[in-house]
Amino acid sequence: MKRLNSIIIIGFFATVLPQTQPVLAADNLPQQLNQLLNEEPDLQGAIAGVSIRNAANGEIVYDHMGEIRLRPASNMKLLTAAAALSVLGQDYTFKTELLTDGEVKKKTLLGDLYLKGKGDPTLLKEDFDKMAVELKTMGIHKITGNLVGDDTWYDDIRYSVDLPWSDEQTYYGAQISALTASPTEDYDSGSVLIEVKPSNHEGEKADITITPNTDFVKIINQTETGTKDGKKELTFEREHAKNTIRISGTLPVTSTGQKEWIGVWEPTRYALTLFNQSLTEQGIQLMGKIKTGTTPADSKIVHTHSSIKLSELLVPFMKLSNNGHAETLVKEMGKVVTGEGSWEKGLKVMEAELTKFGINTETLVLRDGSGISHVNLVPAAQLSHLLVAVQQQIWFPAFLHSLPVAGESEKKVGGTLRSRMKSQNVKGKVFAKTGTISTVSTLSGYVQTKSGQTLIFSIMLNNLIDDSKGKKIEDKLISIIASH
């Protein structure tokens, strides 16, 4: 029998767990799992697909409707991450270019300045600051032409085909553009972070701050600081096709406040506005207008900014389940392989790449890269097969390191599992991708069992009345698996 080492990574430390023999399921493991799946009240009328494999050789240890196509929610990101690592490579970076069709004379750029985005979802205000400093270092104090944002690296379709209209203002439903910006190092591209804190005095409006500090969005403050015994009831509403955000409700005077990430309308102009702000702060005067357009072919590159590596981007992407990263990676795969940065081309590239891992793509319905669509369909057995196959890849340590770790409270370690599975038999021993959309809860990954061996699992729960209860069911199933 083939010997395989599964690498479990926590933070910067790696422990090699030897798989010296196949995992032999205890006689009562299937019985316990079947009992839970058949008798759990919250699964009545729902569908559960479960596939468990031996990490050493891929053999199926347990199967419950594992071949049934189900909605994967954010477990779709496992497919996207694997395909992106295979197509782009773990050292891949996104570029953002400054170009001009003019010349610099006497501290003046005679012509237009182009900000050309090539998909980087990690651009922060401080990155635009550095670009502005670079221009100033070159001796530029004035630009006679326009500041033009070029987002033509991707197509102009901003939303994936099945995105619910109600998600339009959310950070996880933010528009996808080749030129965009993020508020923090969580890299929720195309969004702003709004923080609401109570005033020091009851009856006054709450204090509101925006990150990054920008006038690109307009805040209508209809809040009130309430009594210390009052309820915290805040609503955030961005007007359709506008960047006017109305915040209403009350905050108790003793409240610590509330944070909300809101997706902006037109992320390309958002990025342009931030860059123009940086130019102004560096004393660089723009004589022309801010506009979008295409960079002329004969333009010269003035400066190139590179993003963090894909292996580093995977951490916020997978641990925090970032939808924008998933859709950007789909478009980037399409651009790199076919020359067209679109969902249509990217998903075809992704499907072709998955076949290299032995995935039967005829059993899949792929509509996006994030799993936000309710039309996506994936069998649990195909996900567990993928998790076996990727262990052979050179980039597997980066893939594994990106998965949320059960019960680990540090945000960039535990991710979406940081508040789950904190009991001794599973804390720090489960590396898995979560998934949640309405009526759906999923969990797929790796678990170190009581015997010290590793099992691979995929749990997909669909048609739930309450998807939050699905997480508790998943945790029970993992506890049973880990105990054998």
# chains A, B, ... in the order shown; residues from 1 in each chain; ligands from 1

$ residues_around --residues "A:Lys231" --least-positions-apart "5" --cutoff "8 Å" --atoms "only C-alpha atoms" --output "PDB file with N, CA and C atoms, in the first residue's frame"
ATOM      1  N   GLY A 226     -29.202  56.168  22.187  1.00  0.00           N
ATOM      2  CA  GLY A 226     -30.284  55.886  23.133  1.00  0.00           C
ATOM      3  C   GLY A 226     -29.797  55.736  24.557  1.00  0.00           C
ATOM      4  N   THR A 250     -31.070  53.098  16.498  1.00  0.00           N
ATOM      5  CA  THR A 250     -30.548  53.585  17.787  1.00  0.00           C
ATOM      6  C   THR A 250     -29.386  52.735  18.285  1.00  0.00           C
ATOM      7  N   LEU A 251     -28.521  53.385  19.054  1.00  0.00           N
ATOM      8  CA  LEU A 251     -27.417  52.724  19.739  1.00  0.00           C
ATOM      9  C   LEU A 251     -27.440  53.147  21.195  1.00  0.00           C
ATOM     10  N   PRO A 252     -27.419  52.218  22.137  1.00  0.00           N
ATOM     11  CA  PRO A 252     -27.331  52.615  23.543  1.00  0.00           C
ATOM     12  C   PRO A 252     -26.053  53.412  23.787  1.00  0.00           C
TER      13      PRO A 252
END

$ residues_around --residues "A:Pro404" --least-positions-apart "4" --cutoff "12 Å" --atoms "only C-alpha atoms" --output "number ranges by chain"
A: 8-11, 78, 314-321, 399-400, 408-421, 427-435, 443-447

$ residues_around --residues "stretch 92-94 of chain A" --least-positions-apart "2" --cutoff "10 Å" --atoms "only C-alpha atoms" --output "list in words"
Ala84, Leu85, Val87, Leu88, Gly89, Gln90, Thr96, Gly117, Lys118, Gly119, Asp120, Pro121, Thr122, Leu123, Ala178, His305, Ser306, Ser307, Ile308, Lys309, Leu310, Ser311, Glu312, Leu313 and Glu332 of chain A

$ atom_distance --atom1 "atom CA of A:Phe216" --atom2 "atom CA of A:Thr152"
21.6 Å

$ atom_distance --atom1 "atom CA of A:Leu274" --atom2 "atom CA of A:Pro212"
8.4 Å

$ closest_residue --among "A:Ala48, A:Leu377, A:Leu193, A:Ile480" --to "A:Asn425" --atoms "only C-alpha atoms"
A:Ile480

$ atom_distance --atom1 "atom CA of A:Ser177" --atom2 "atom CA of A:Asp151"
6.5 Å

$ select_by_dssp --residues "stretch 47-197 of chain A" --states "helix (DSSP H, G or I)" --output "ChimeraX atom specification"
/A:73-88,125-137,165-167,171-173

$ write_last_selection --atoms "N, CA, C and O atoms" --output "compact mmCIF listing (two decimals), in the first residue's frame"
# COMPACT_ATOMS: atom_id res chain seq x y z
N ALA A 73 -22.70 26.03 -1.69
CA ALA A 73 -22.41 27.32 -1.06
C ALA A 73 -20.92 27.60 -1.20
O ALA A 73 -20.34 27.32 -2.25
N SER A 74 -20.27 28.08 -0.16
CA SER A 74 -18.86 28.48 -0.29
C SER A 74 -17.89 27.31 -0.35
O SER A 74 -16.68 27.52 -0.49
N ASN A 75 -18.36 26.07 -0.28
CA ASN A 75 -17.48 24.95 -0.57
C ASN A 75 -17.06 24.95 -2.03
O ASN A 75 -16.09 24.28 -2.42
N MET A 76 -17.77 25.73 -2.86
CA MET A 76 -17.36 25.94 -4.24
C MET A 76 -15.95 26.55 -4.30
O MET A 76 -15.19 26.32 -5.25
N LYS A 77 -15.58 27.30 -3.28
CA LYS A 77 -14.27 27.95 -3.26
C LYS A 77 -13.13 26.94 -3.22
O LYS A 77 -12.00 27.26 -3.62
N LEU A 78 -13.38 25.72 -2.75
CA LEU A 78 -12.36 24.68 -2.79
C LEU A 78 -11.99 24.36 -4.24
O LEU A 78 -10.80 24.20 -4.57
N LEU A 79 -12.98 24.30 -5.10
CA LEU A 79 -12.74 24.05 -6.52
C LEU A 79 -12.02 25.22 -7.15
O LEU A 79 -11.08 25.06 -7.93
N THR A 80 -12.47 26.45 -6.81
CA THR A 80 -11.87 27.65 -7.38
C THR A 80 -10.42 27.81 -6.96
O THR A 80 -9.56 28.12 -7.78
N ALA A 81 -10.14 27.59 -5.67
CA ALA A 81 -8.78 27.73 -5.17
C ALA A 81 -7.84 26.72 -5.81
O ALA A 81 -6.72 27.06 -6.21
N ALA A 82 -8.28 25.47 -5.91
CA ALA A 82 -7.44 24.44 -6.51
C ALA A 82 -7.16 24.75 -7.98
O ALA A 82 -6.01 24.63 -8.44
N ALA A 83 -8.19 25.16 -8.72
CA ALA A 83 -8.00 25.49 -10.13
C ALA A 83 -7.08 26.69 -10.29
O ALA A 83 -6.19 26.70 -11.16
N ALA A 84 -7.26 27.72 -9.46
CA ALA A 84 -6.43 28.93 -9.56
C ALA A 84 -4.97 28.63 -9.24
O ALA A 84 -4.06 29.12 -9.92
N LEU A 85 -4.72 27.83 -8.21
CA LEU A 85 -3.34 27.46 -7.89
C LEU A 85 -2.71 26.67 -9.03
O LEU A 85 -1.52 26.84 -9.33
N SER A 86 -3.49 25.82 -9.66
CA SER A 86 -2.98 25.00 -10.76
C SER A 86 -2.72 25.83 -12.01
O SER A 86 -1.70 25.68 -12.68
N VAL A 87 -3.64 26.75 -12.33
CA VAL A 87 -3.53 27.56 -13.55
C VAL A 87 -2.54 28.71 -13.38
O VAL A 87 -1.68 28.95 -14.25
N LEU A 88 -2.66 29.44 -12.28
CA LEU A 88 -1.88 30.66 -12.09
C LEU A 88 -0.57 30.42 -11.34
O LEU A 88 0.42 31.13 -11.57
N LYS A 125 -5.92 52.20 0.17
CA LYS A 125 -5.63 53.62 0.03
C LYS A 125 -4.12 53.87 0.14
O LYS A 125 -3.55 54.69 -0.59
N GLU A 126 -3.45 53.16 1.01
CA GLU A 126 -2.01 53.37 1.19
C GLU A 126 -1.21 52.98 -0.05
O GLU A 126 -0.13 53.52 -0.30
N ASP A 127 -1.74 52.05 -0.85
CA ASP A 127 -1.07 51.69 -2.10
C ASP A 127 -1.17 52.83 -3.12
O ASP A 127 -0.22 53.12 -3.85
N PHE A 128 -2.33 53.49 -3.15
CA PHE A 128 -2.47 54.66 -4.02
C PHE A 128 -1.57 55.79 -3.53
O PHE A 128 -1.02 56.55 -4.33
N ASP A 129 -1.42 55.89 -2.21
CA ASP A 129 -0.50 56.89 -1.65
C ASP A 129 0.92 56.65 -2.16
O ASP A 129 1.62 57.60 -2.55
N LYS A 130 1.35 55.39 -2.17
CA LYS A 130 2.70 55.06 -2.62
C LYS A 130 2.88 55.38 -4.11
O LYS A 130 3.95 55.83 -4.54
N MET A 131 1.84 55.15 -4.90
CA MET A 131 1.90 55.49 -6.32
C MET A 131 2.06 56.99 -6.51
O MET A 131 2.83 57.45 -7.36
N ALA A 132 1.31 57.74 -5.70
CA ALA A 132 1.39 59.20 -5.80
C ALA A 132 2.77 59.70 -5.40
O ALA A 132 3.34 60.61 -6.02
N VAL A 133 3.33 59.08 -4.36
CA VAL A 133 4.68 59.44 -3.93
C VAL A 133 5.69 59.14 -5.04
O VAL A 133 6.62 59.92 -5.28
N GLU A 134 5.50 58.03 -5.73
CA GLU A 134 6.39 57.68 -6.84
C GLU A 134 6.35 58.74 -7.93
O GLU A 134 7.39 59.12 -8.47
N LEU A 135 5.16 59.23 -8.25
CA LEU A 135 5.04 60.29 -9.25
C LEU A 135 5.74 61.56 -8.78
O LEU A 135 6.42 62.25 -9.56
N LYS A 136 5.56 61.89 -7.51
CA LYS A 136 6.20 63.09 -6.96
C LYS A 136 7.71 62.95 -6.99
O LYS A 136 8.44 63.93 -7.29
N THR A 137 8.21 61.75 -6.70
CA THR A 137 9.65 61.49 -6.74
C THR A 137 10.19 61.70 -8.16
O THR A 137 11.35 62.12 -8.33
N TRP A 165 -30.64 40.01 -6.04
CA TRP A 165 -30.66 41.48 -6.04
C TRP A 165 -30.51 42.03 -4.63
O TRP A 165 -29.96 43.11 -4.42
N SER A 166 -30.96 41.27 -3.64
CA SER A 166 -30.88 41.74 -2.26
C SER A 166 -29.45 41.79 -1.74
O SER A 166 -29.17 42.39 -0.70
N ASP A 167 -28.50 41.16 -2.46
CA ASP A 167 -27.10 41.17 -2.05
C ASP A 167 -26.31 42.31 -2.68
O ASP A 167 -25.10 42.43 -2.44
N TYR A 171 -21.03 43.58 1.09
CA TYR A 171 -19.62 43.43 0.72
C TYR A 171 -19.38 42.10 0.02
O TYR A 171 -18.52 41.99 -0.87
N TYR A 172 -20.15 41.06 0.39
CA TYR A 172 -19.95 39.75 -0.23
C TYR A 172 -20.65 39.64 -1.59
O TYR A 172 -20.48 38.66 -2.30
N GLY A 173 -21.40 40.70 -1.95
CA GLY A 173 -22.01 40.75 -3.27
C GLY A 173 -21.50 41.94 -4.07
O GLY A 173 -22.13 42.37 -5.03

$ residues_around --residues "A:Arg367" --least-positions-apart "3" --cutoff "7 Å" --atoms "only C-alpha atoms" --output "list in words"
Ser373, Val375 and Asn376 of chain A

$ write_last_selection --atoms "N, CA, C and O atoms" --output "JSON list (two decimals), in the first residue's frame"
[["chain", "number", "residue", "atom", "x", "y", "z"],
["A", 373, "SER", "N", -24.33, 31.41, -5.86],
["A", 373, "SER", "CA", -25.48, 30.99, -6.68],
["A", 373, "SER", "C", -26.17, 29.77, -6.09],
["A", 373, "SER", "O", -25.52, 28.84, -5.61],
["A", 375, "VAL", "N", -27.79, 27.90, -8.02],
["A", 375, "VAL", "CA", -27.85, 27.00, -9.18],
["A", 375, "VAL", "C", -26.62, 26.10, -9.22],
["A", 375, "VAL", "O", -26.64, 25.04, -9.84],
["A", 376, "ASN", "N", -25.53, 26.48, -8.56],
["A", 376, "ASN", "CA", -24.35, 25.61, -8.48],
["A", 376, "ASN", "C", -24.75, 24.25, -7.91],
["A", 376, "ASN", "O", -25.53, 24.18, -6.95]]

$ residues_around --residues "A:Ile437" --least-positions-apart "3" --cutoff "10 Å" --atoms "only C-alpha atoms" --output "ChimeraX atom specification"
/A:71-74,371-374,440-442,462,467-468

$ residues_around --residues "stretch 334-341 of chain A" --least-positions-apart "4" --cutoff "10 Å" --atoms "only C-alpha atoms" --output "count of residues only"
20

$ closest_residue --among "A:Gln382, A:Asn322, A:Gln391, A:Ser248" --to "A:Thr170" --atoms "only C-alpha atoms"
A:Asn322

$ residues_around --residues "A:Ile143" --least-positions-apart "5" --cutoff "7 Å" --atoms "only C-alpha atoms" --output "ChimeraX atom specification"
/A:108-111,285-287

$ write_last_selection --atoms "all heavy atoms" --output "tab-separated table (two decimals), in the first residue's frame"
chain	number	residue	atom	x	y	z
A	108	THR	N	5.78	69.09	-14.97
A	108	THR	CA	4.40	68.96	-15.45
A	108	THR	C	4.28	67.79	-16.41
A	108	THR	O	5.10	67.67	-17.34
A	108	THR	CB	3.95	70.25	-16.15
A	108	THR	OG1	4.02	71.34	-15.23
A	108	THR	CG2	2.51	70.12	-16.65
A	109	LEU	N	3.30	66.92	-16.17
A	109	LEU	CA	3.00	65.85	-17.11
A	109	LEU	C	2.06	66.39	-18.16
A	109	LEU	O	0.91	66.72	-17.87
A	109	LEU	CB	2.37	64.65	-16.39
A	109	LEU	CG	1.86	63.51	-17.28
A	109	LEU	CD1	2.99	62.93	-18.13
A	109	LEU	CD2	1.21	62.41	-16.45
A	110	LEU	N	2.55	66.52	-19.37
A	110	LEU	CA	1.75	67.05	-20.48
A	110	LEU	C	1.02	65.89	-21.15
A	110	LEU	O	1.55	65.22	-22.04
A	110	LEU	CB	2.66	67.78	-21.48
A	110	LEU	CG	3.50	68.92	-20.91
A	110	LEU	CD1	4.48	69.43	-21.95
A	110	LEU	CD2	2.61	70.03	-20.38
A	111	GLY	N	-0.18	65.63	-20.70
A	111	GLY	CA	-0.94	64.51	-21.24
A	111	GLY	C	-1.79	63.85	-20.17
A	111	GLY	O	-1.91	64.35	-19.04
A	285	GLN	N	-1.30	68.41	-8.77
A	285	GLN	CA	-2.52	69.04	-9.25
A	285	GLN	C	-2.99	68.38	-10.55
A	285	GLN	O	-2.24	68.28	-11.52
A	285	GLN	CB	-2.29	70.53	-9.49
A	285	GLN	CG	-3.54	71.30	-9.92
A	285	GLN	CD	-3.26	72.77	-10.17
A	285	GLN	OE1	-2.09	73.19	-10.15
A	285	GLN	NE2	-4.30	73.55	-10.40
A	286	LEU	N	-4.24	67.95	-10.55
A	286	LEU	CA	-4.85	67.38	-11.75
A	286	LEU	C	-5.68	68.46	-12.43
A	286	LEU	O	-6.66	68.94	-11.86
A	286	LEU	CB	-5.72	66.17	-11.39
A	286	LEU	CG	-6.49	65.52	-12.54
A	286	LEU	CD1	-5.53	64.85	-13.52
A	286	LEU	CD2	-7.52	64.51	-12.01
A	287	MET	N	-5.30	68.83	-13.64
A	287	MET	CA	-6.01	69.88	-14.37
A	287	MET	C	-7.25	69.35	-15.09
A	287	MET	O	-8.23	70.07	-15.27
A	287	MET	CB	-5.07	70.54	-15.38
A	287	MET	CG	-3.78	71.08	-14.79
A	287	MET	SD	-4.10	72.37	-13.57
A	287	MET	CE	-4.70	73.69	-14.65

$ closest_residue --among "A:Ala352, A:Ala297, A:Val196, A:Val217" --to "A:Glu233" --atoms "only C-alpha atoms"
A:Val196

$ closest_residue --among "A:Val302, A:Pro198, A:His64, A:Pro183" --to "A:Gln35" --atoms "only C-alpha atoms"
A:His64

$ select_by_dssp --residues "stretch 22-261 of chain A" --states "strand (DSSP E)" --output "CSV table (one decimal) with N, CA and C atoms, in the first residue's frame"
chain,number,residue,atom,x,y,z
A,47,ILE,N,-31.9,17.4,2.7
A,47,ILE,CA,-31.0,16.4,2.0
A,47,ILE,C,-29.6,16.6,2.6
A,48,ALA,N,-29.0,15.4,2.9
A,48,ALA,CA,-27.7,15.4,3.4
A,48,ALA,C,-26.8,14.5,2.5
A,49,GLY,N,-25.8,15.1,2.0
A,49,GLY,CA,-24.8,14.4,1.2
A,49,GLY,C,-23.5,14.3,2.0
A,50,VAL,N,-23.0,13.1,2.3
A,50,VAL,CA,-21.8,13.0,3.1
A,50,VAL,C,-20.8,12.0,2.4
A,51,SER,N,-19.6,12.4,2.3
A,51,SER,CA,-18.5,11.5,1.8
A,51,SER,C,-17.3,11.6,2.6
A,52,ILE,N,-16.8,10.5,3.1
A,52,ILE,CA,-15.6,10.4,3.9
A,52,ILE,C,-14.6,9.5,3.3
A,53,ARG,N,-13.4,9.9,3.2
A,53,ARG,CA,-12.3,9.1,2.6
A,53,ARG,C,-11.1,9.0,3.4
A,54,ASN,N,-10.3,8.0,3.2
A,54,ASN,CA,-9.0,7.8,3.8
A,54,ASN,C,-8.1,8.8,3.1
A,60,ILE,N,-13.1,5.2,0.0
A,60,ILE,CA,-14.3,5.7,0.7
A,60,ILE,C,-14.4,4.9,2.0
A,61,VAL,N,-14.5,5.7,3.1
A,61,VAL,CA,-14.8,5.1,4.5
A,61,VAL,C,-16.2,5.1,4.8
A,62,TYR,N,-17.0,6.1,4.3
A,62,TYR,CA,-18.4,6.3,4.5
A,62,TYR,C,-19.0,7.1,3.4
A,63,ASP,N,-20.2,6.7,3.0
A,63,ASP,CA,-20.9,7.5,2.0
A,63,ASP,C,-22.4,7.5,2.3
A,64,HIS,N,-23.0,8.7,2.2
A,64,HIS,CA,-24.4,8.8,2.4
A,64,HIS,C,-24.9,9.8,1.3
A,69,ARG,N,-26.1,15.5,-6.5
A,69,ARG,CA,-25.7,16.9,-6.7
A,69,ARG,C,-26.5,17.8,-5.8
A,70,LEU,N,-25.7,18.6,-5.0
A,70,LEU,CA,-26.2,19.5,-4.0
A,70,LEU,C,-25.6,20.9,-4.2
A,95,LYS,N,-1.1,42.8,-11.2
A,95,LYS,CA,-0.4,44.1,-11.5
A,95,LYS,C,-1.4,45.2,-11.6
A,96,THR,N,-0.9,46.4,-11.2
A,96,THR,CA,-1.7,47.6,-11.4
A,96,THR,C,-0.6,48.6,-12.0
A,97,GLU,N,-1.0,49.2,-13.2
A,97,GLU,CA,0.0,50.0,-13.9
A,97,GLU,C,-0.4,51.5,-14.0
A,98,LEU,N,0.6,52.3,-13.9
A,98,LEU,CA,0.4,53.8,-14.2
A,98,LEU,C,1.1,54.0,-15.5
A,99,LEU,N,0.4,54.6,-16.5
A,99,LEU,CA,0.9,54.8,-17.8
A,99,LEU,C,0.5,56.2,-18.2
A,100,THR,N,1.2,56.7,-19.2
A,100,THR,CA,0.9,58.0,-19.8
A,100,THR,C,1.2,58.1,-21.3
A,103,GLU,N,4.4,63.6,-21.9
A,103,GLU,CA,5.8,63.8,-21.5
A,103,GLU,C,5.9,64.7,-20.3
A,104,VAL,N,6.9,64.5,-19.5
A,104,VAL,CA,7.1,65.4,-18.4
A,104,VAL,C,8.1,66.5,-18.7
A,105,LYS,N,7.6,67.7,-18.5
A,105,LYS,CA,8.5,68.9,-18.8
A,105,LYS,C,8.2,69.9,-17.6
A,108,THR,N,5.8,69.1,-15.0
A,108,THR,CA,4.4,69.0,-15.4
A,108,THR,C,4.3,67.8,-16.4
A,109,LEU,N,3.3,66.9,-16.2
A,109,LEU,CA,3.0,65.8,-17.1
A,109,LEU,C,2.1,66.4,-18.2
A,110,LEU,N,2.6,66.5,-19.4
A,110,LEU,CA,1.7,67.0,-20.5
A,110,LEU,C,1.0,65.9,-21.2
A,113,LEU,N,-2.9,60.7,-17.6
A,113,LEU,CA,-2.4,59.6,-16.7
A,113,LEU,C,-3.4,58.5,-16.6
A,114,TYR,N,-2.9,57.3,-16.9
A,114,TYR,CA,-3.8,56.1,-16.9
A,114,TYR,C,-3.5,55.2,-15.7
A,115,LEU,N,-4.6,54.9,-15.0
A,115,LEU,CA,-4.5,53.9,-13.9
A,115,LEU,C,-5.1,52.6,-14.5
A,116,LYS,N,-4.3,51.7,-14.8
A,116,LYS,CA,-4.8,50.4,-15.5
A,116,LYS,C,-4.8,49.3,-14.5
A,117,GLY,N,-6.0,48.8,-14.2
A,117,GLY,CA,-6.2,47.7,-13.2
A,117,GLY,C,-6.1,46.4,-13.9
A,142,LYS,N,2.2,68.5,-11.6
A,142,LYS,CA,1.0,68.9,-12.2
A,142,LYS,C,0.7,67.9,-13.4
A,143,ILE,N,-0.6,67.6,-13.6
A,143,ILE,CA,-1.0,66.8,-14.7
A,143,ILE,C,-2.0,67.6,-15.6
A,147,LEU,N,-7.2,62.1,-15.6
A,147,LEU,CA,-6.9,60.8,-14.9
A,147,LEU,C,-7.9,59.8,-15.3
A,148,VAL,N,-7.4,58.8,-16.0
A,148,VAL,CA,-8.3,57.8,-16.7
A,148,VAL,C,-8.1,56.4,-16.0
A,149,GLY,N,-9.2,55.9,-15.6
A,149,GLY,CA,-9.2,54.5,-15.0
A,149,GLY,C,-9.5,53.5,-16.1
A,150,ASP,N,-8.7,52.5,-16.3
A,150,ASP,CA,-8.8,51.5,-17.3
A,150,ASP,C,-9.1,50.2,-16.6
A,191,SER,N,-15.7,47.6,-1.6
A,191,SER,CA,-16.6,48.0,-0.4
A,191,SER,C,-15.9,49.0,0.4
A,192,VAL,N,-16.7,49.6,1.3
A,192,VAL,CA,-16.2,50.6,2.3
A,192,VAL,C,-16.6,50.0,3.7
A,193,LEU,N,-15.8,50.3,4.7
A,193,LEU,CA,-16.1,49.9,6.1
A,193,LEU,C,-16.7,51.1,6.8
A,194,ILE,N,-17.9,50.9,7.3
A,194,ILE,CA,-18.6,51.9,8.1
A,194,ILE,C,-18.7,51.5,9.6
A,195,GLU,N,-18.2,52.4,10.4
A,195,GLU,CA,-18.3,52.1,11.9
A,195,GLU,C,-19.1,53.2,12.5
A,196,VAL,N,-20.1,52.7,13.3
A,196,VAL,CA,-21.1,53.6,14.0
A,196,VAL,C,-20.9,53.4,15.5
A,197,LYS,N,-20.6,54.5,16.2
A,197,LYS,CA,-20.4,54.5,17.6
A,197,LYS,C,-21.4,55.6,18.3
A,207,ASP,N,-21.9,58.7,16.1
A,207,ASP,CA,-20.7,59.1,15.3
A,207,ASP,C,-20.4,58.1,14.2
A,208,ILE,N,-20.2,58.5,13.0
A,208,ILE,CA,-20.0,57.6,11.9
A,208,ILE,C,-18.6,57.9,11.2
A,209,THR,N,-17.8,56.8,11.1
A,209,THR,CA,-16.6,57.0,10.3
A,209,THR,C,-16.5,56.0,9.2
A,210,ILE,N,-15.8,56.4,8.1
A,210,ILE,CA,-15.7,55.5,6.9
A,210,ILE,C,-14.3,55.2,6.7
A,211,THR,N,-14.0,53.9,6.3
A,211,THR,CA,-12.7,53.5,5.9
A,211,THR,C,-12.8,52.9,4.6
A,218,LYS,N,-21.9,58.9,0.2
A,218,LYS,CA,-22.6,59.9,0.9
A,218,LYS,C,-23.4,59.3,2.0
A,219,ILE,N,-23.1,59.7,3.3
A,219,ILE,CA,-23.8,59.1,4.4
A,219,ILE,C,-25.0,60.0,4.9
A,220,ILE,N,-26.2,59.4,5.0
A,220,ILE,CA,-27.3,60.1,5.6
A,220,ILE,C,-27.5,59.5,7.0
A,221,ASN,N,-27.2,60.3,8.0
A,221,ASN,CA,-27.2,59.8,9.3
A,221,ASN,C,-28.5,60.1,10.0
A,222,GLN,N,-29.3,59.0,10.2
A,222,GLN,CA,-30.6,59.1,10.8
A,222,GLN,C,-30.6,58.3,12.1
A,223,THR,N,-29.4,58.3,12.8
A,223,THR,CA,-29.3,57.5,14.0
A,223,THR,C,-29.5,58.3,15.2
A,224,GLU,N,-29.7,57.7,16.3
A,224,GLU,CA,-29.8,58.4,17.6
A,224,GLU,C,-29.2,57.6,18.7
A,225,THR,N,-28.5,58.2,19.6
A,225,THR,CA,-27.9,57.6,20.8
A,225,THR,C,-29.0,57.4,21.8
A,226,GLY,N,-29.2,56.2,22.2
A,226,GLY,CA,-30.3,55.9,23.1
A,226,GLY,C,-29.8,55.7,24.6
A,233,GLU,N,-30.4,48.8,17.5
A,233,GLU,CA,-31.1,48.5,16.3
A,233,GLU,C,-30.7,49.5,15.2
A,234,LEU,N,-29.8,49.0,14.3
A,234,LEU,CA,-29.3,49.8,13.2
A,234,LEU,C,-29.6,49.1,11.9
A,235,THR,N,-29.9,49.9,10.9
A,235,THR,CA,-30.1,49.4,9.5
A,235,THR,C,-29.2,50.3,8.6
A,236,PHE,N,-28.7,49.6,7.6
A,236,PHE,CA,-27.8,50.2,6.6
A,236,PHE,C,-28.4,50.0,5.2
A,237,GLU,N,-28.7,51.0,4.5
A,237,GLU,CA,-29.3,50.8,3.2
A,237,GLU,C,-28.6,51.7,2.1
A,238,ARG,N,-28.1,51.1,1.1
A,238,ARG,CA,-27.5,51.9,0.0
A,238,ARG,C,-28.5,52.0,-1.1
A,244,THR,N,-25.2,56.5,-2.1
A,244,THR,CA,-25.8,57.2,-0.9
A,244,THR,C,-26.3,56.1,0.1
A,245,ILE,N,-25.7,56.1,1.3
A,245,ILE,CA,-26.0,55.1,2.3
A,245,ILE,C,-26.7,55.7,3.4
A,246,ARG,N,-27.9,55.2,3.7
A,246,ARG,CA,-28.7,55.7,4.8
A,246,ARG,C,-28.6,54.8,6.0
A,247,ILE,N,-28.2,55.4,7.1
A,247,ILE,CA,-28.0,54.6,8.4
A,247,ILE,C,-29.0,55.2,9.4
A,248,SER,N,-29.9,54.3,9.9
A,248,SER,CA,-30.9,54.7,10.8
A,248,SER,C,-31.0,53.7,12.0
A,249,GLY,N,-31.6,54.2,13.1
A,249,GLY,CA,-31.8,53.3,14.2
A,249,GLY,C,-31.2,53.9,15.5
A,250,THR,N,-31.1,53.1,16.5
A,250,THR,CA,-30.5,53.6,17.8
A,250,THR,C,-29.4,52.7,18.3
A,251,LEU,N,-28.5,53.4,19.1
A,251,LEU,CA,-27.4,52.7,19.7
A,251,LEU,C,-27.4,53.1,21.2
A,252,PRO,N,-27.4,52.2,22.1
A,252,PRO,CA,-27.3,52.6,23.5
A,252,PRO,C,-26.1,53.4,23.8
A,258,GLN,N,-21.0,49.4,16.1
A,258,GLN,CA,-21.3,48.4,15.1
A,258,GLN,C,-20.5,48.7,13.9
A,259,LYS,N,-20.0,47.7,13.2
A,259,LYS,CA,-19.3,47.8,11.9
A,259,LYS,C,-20.1,47.1,10.8
A,260,GLU,N,-20.0,47.7,9.7
A,260,GLU,CA,-20.7,47.2,8.5
A,260,GLU,C,-19.9,47.5,7.3
A,261,TRP,N,-19.8,46.5,6.4
A,261,TRP,CA,-19.1,46.6,5.1
A,261,TRP,C,-20.2,46.8,4.1
